[in-house]
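Written below as structure tokens is the structure these notes are about.
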Amino acid sequence: MTGRGPVARAHEAMAACLRPGDWAVDATAGNGHDALFLAQTVGPQGRVVAFDVQPAAATATRRRLAEAGVAEWVDVEVRGHEHLTAALPPTAQGRVRGVMFNLGYLPAGDKSLITRPDTTLAALQGAAAVLAPGGRLTVVAYPGHAGGGEETAAVAHWAQDALPGGFRCRGWDEPDPAGKAPRLFVLERVEAG
Ligand code: SAH
């Protein structure tokens, strides 16, 4: 997977899977770019749940969604994505068609407040558990900052060697020689039958 940047390719992987009316999750709302993309893609018949531990990120996300006129069908949760499964209503369980993770720190925010391997892995397991057959999970991981290398390695191991049954890794970026470039991982729950 080369060419365009990992975030743009994550959007492409999602756009190829999501349909109007779907449930989708932004696991790391940050400034709300992915939540906006998901909300526009699933439309008013759909539903998006966005998570971030930082109130400032939730505020920025809500503002972006309101300006775009899509806030009505997005629920912004100020809590960790490791609570993803518990935070989704029963109707969403097993019906989510897309989950996006954009790890690391909030650009222009507190760079010490980063996503961490243990909670990220718990969230990935939770995300996998709520995905519908054919649903996709994208992860953009950033090995370049302190702690990011370990987290990226944990994600790579999970995606390539430790996926739950019924899932496959559709593609991943190999590490660059310096081991600093962001890497996209695309997972999919295989359709039954
Ligand atoms: N590095 C990306 C942006 C990542 S934003 C880029 O350059 O585009 C990552 C977001 O994850 C931050 O806003 C941070 O507050 C959030 N975050 C950290 N830990 C989290 C957790 N446990 N659950 C949900 N969000 C978390």
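Residues in the structure tokens are named by chain (A, B, ... in the order shown) and by number from 1 within that chain; ligands are numbered from 1 in the order shown.
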Would you name the residues within 7 Å of ligand 1, counting only C-alpha atoms and all ligand atoms, and put them as a list in words? Ala27, Thr28, Ala29, Gly30, Asn31, Phe51, Asp52, Val53, Gln54, Ala57, Arg79, Gly80, His81, Glu82, Asn102, Leu103, Gly104, Tyr105, Leu106, Pro107, Leu113, Ile114, Thr115, Arg116, Thr119, Thr120 and Tyr142 of chain A
Give me, as a ChimeraX atom specification, all polymer residues having an atom no more than 12 Å from Thr91 of chain A, counting only C-alpha atoms and skipping those fewer than 6 positions away in the same chain. /A:22-23,47,85,130,132
Closest-contact table, segment 73-120 of chain A side, partner segment 62-69 of chain A, 12 Å, counting only C-alpha atoms, as CSV:
residue,atom,partner,partner_atom,distance
A:Trp73,CA,A:Leu65,CA,9.6
A:Val74,CA,A:Leu65,CA,8.1
A:Asp75,CA,A:Arg62,CA,9.0
A:Val76,CA,A:Arg62,CA,7.1
A:Glu77,CA,A:Arg62,CA,10.3
A:Val78,CA,A:Arg62,CA,11.2
Which of segment 143-179 of chain A fall in strand (DSSP E), as an MDAnalysis selection string: chainID A and resid 167:172
Have a look at atom CA of Val155 of chain A and atom CA of Ala10 of chain A and let me know their distance in Å, one decimal. 15.3 Å
Those of segment 1-166 of chain A in DSSP alpha helix (DSSP H), formatted as a compact mmCIF listing (two decimals) with C-alpha atoms, in the first residue's frame:
# COMPACT_ATOMS: atom_id res chain seq x y z
CA PRO A 6 -2.09 6.56 5.25
CA VAL A 7 -4.99 8.74 6.42
CA ALA A 8 -6.25 9.25 2.85
CA ARG A 9 -5.96 5.51 2.20
CA ALA A 10 -7.82 4.76 5.44
CA HIS A 11 -10.65 6.94 4.14
CA GLU A 12 -10.61 5.09 0.81
CA ALA A 13 -10.79 1.70 2.56
CA MET A 14 -13.76 2.94 4.60
CA ALA A 15 -15.55 4.56 1.67
CA HIS A 33 -11.76 14.95 10.70
CA ASP A 34 -12.50 11.22 10.64
CA ALA A 35 -15.80 11.67 12.54
CA LEU A 36 -16.89 14.21 9.91
CA PHE A 37 -15.91 11.89 7.08
CA LEU A 38 -17.80 8.99 8.68
CA ALA A 39 -20.88 11.14 9.38
CA GLN A 40 -21.02 12.39 5.79
CA THR A 41 -20.56 8.86 4.47
CA VAL A 42 -23.28 7.14 6.55
CA PRO A 55 -12.61 17.28 26.50
CA ALA A 56 -10.84 19.74 24.14
CA ALA A 57 -10.90 17.14 21.38
CA ALA A 58 -14.60 16.49 21.96
CA THR A 59 -15.28 20.23 21.78
CA ALA A 60 -13.31 20.59 18.54
CA THR A 61 -15.07 17.57 17.06
CA ARG A 62 -18.55 18.77 18.03
CA ARG A 63 -17.82 22.19 16.54
CA ARG A 64 -16.61 20.70 13.25
CA LEU A 65 -19.67 18.45 13.02
CA ALA A 66 -22.07 21.28 13.83
CA GLU A 67 -20.51 23.54 11.19
CA ALA A 68 -20.98 20.80 8.61
CA LEU A 84 -16.06 1.02 23.07
CA THR A 85 -18.09 -2.16 23.42
CA ALA A 86 -19.84 -1.05 26.62
CA ALA A 87 -20.54 2.42 25.20
CA PRO A 117 -0.57 -0.10 23.63
CA ASP A 118 -2.66 -1.72 26.38
CA THR A 119 -5.76 0.45 25.90
CA THR A 120 -5.30 0.47 22.11
CA LEU A 121 -5.23 -3.34 22.01
CA ALA A 122 -8.26 -3.56 24.31
CA ALA A 123 -10.08 -1.14 21.99
CA LEU A 124 -9.08 -3.08 18.87
CA GLN A 125 -10.49 -6.27 20.41
CA GLY A 126 -13.68 -4.40 21.32
CA ALA A 127 -13.94 -2.91 17.84
CA ALA A 128 -13.51 -6.33 16.26
CA ALA A 129 -16.29 -7.67 18.50
CA VAL A 130 -18.86 -5.10 17.32
CA GLY A 148 4.80 5.17 19.29
CA GLY A 149 7.21 2.48 18.13
CA GLU A 150 6.07 0.07 20.81
CA GLU A 151 2.42 0.81 20.09
CA THR A 152 2.87 0.39 16.33
CA ALA A 153 4.65 -2.94 16.88
CA ALA A 154 1.78 -4.11 19.10
CA VAL A 155 -0.78 -3.15 16.43
CA ALA A 156 1.28 -4.86 13.71
CA HIS A 157 1.53 -8.04 15.76
CA TRP A 158 -2.22 -8.03 16.43
CA ALA A 159 -3.12 -7.35 12.80
CA GLN A 160 -0.73 -9.86 11.29
CA ASP A 161 -0.48 -12.67 13.84
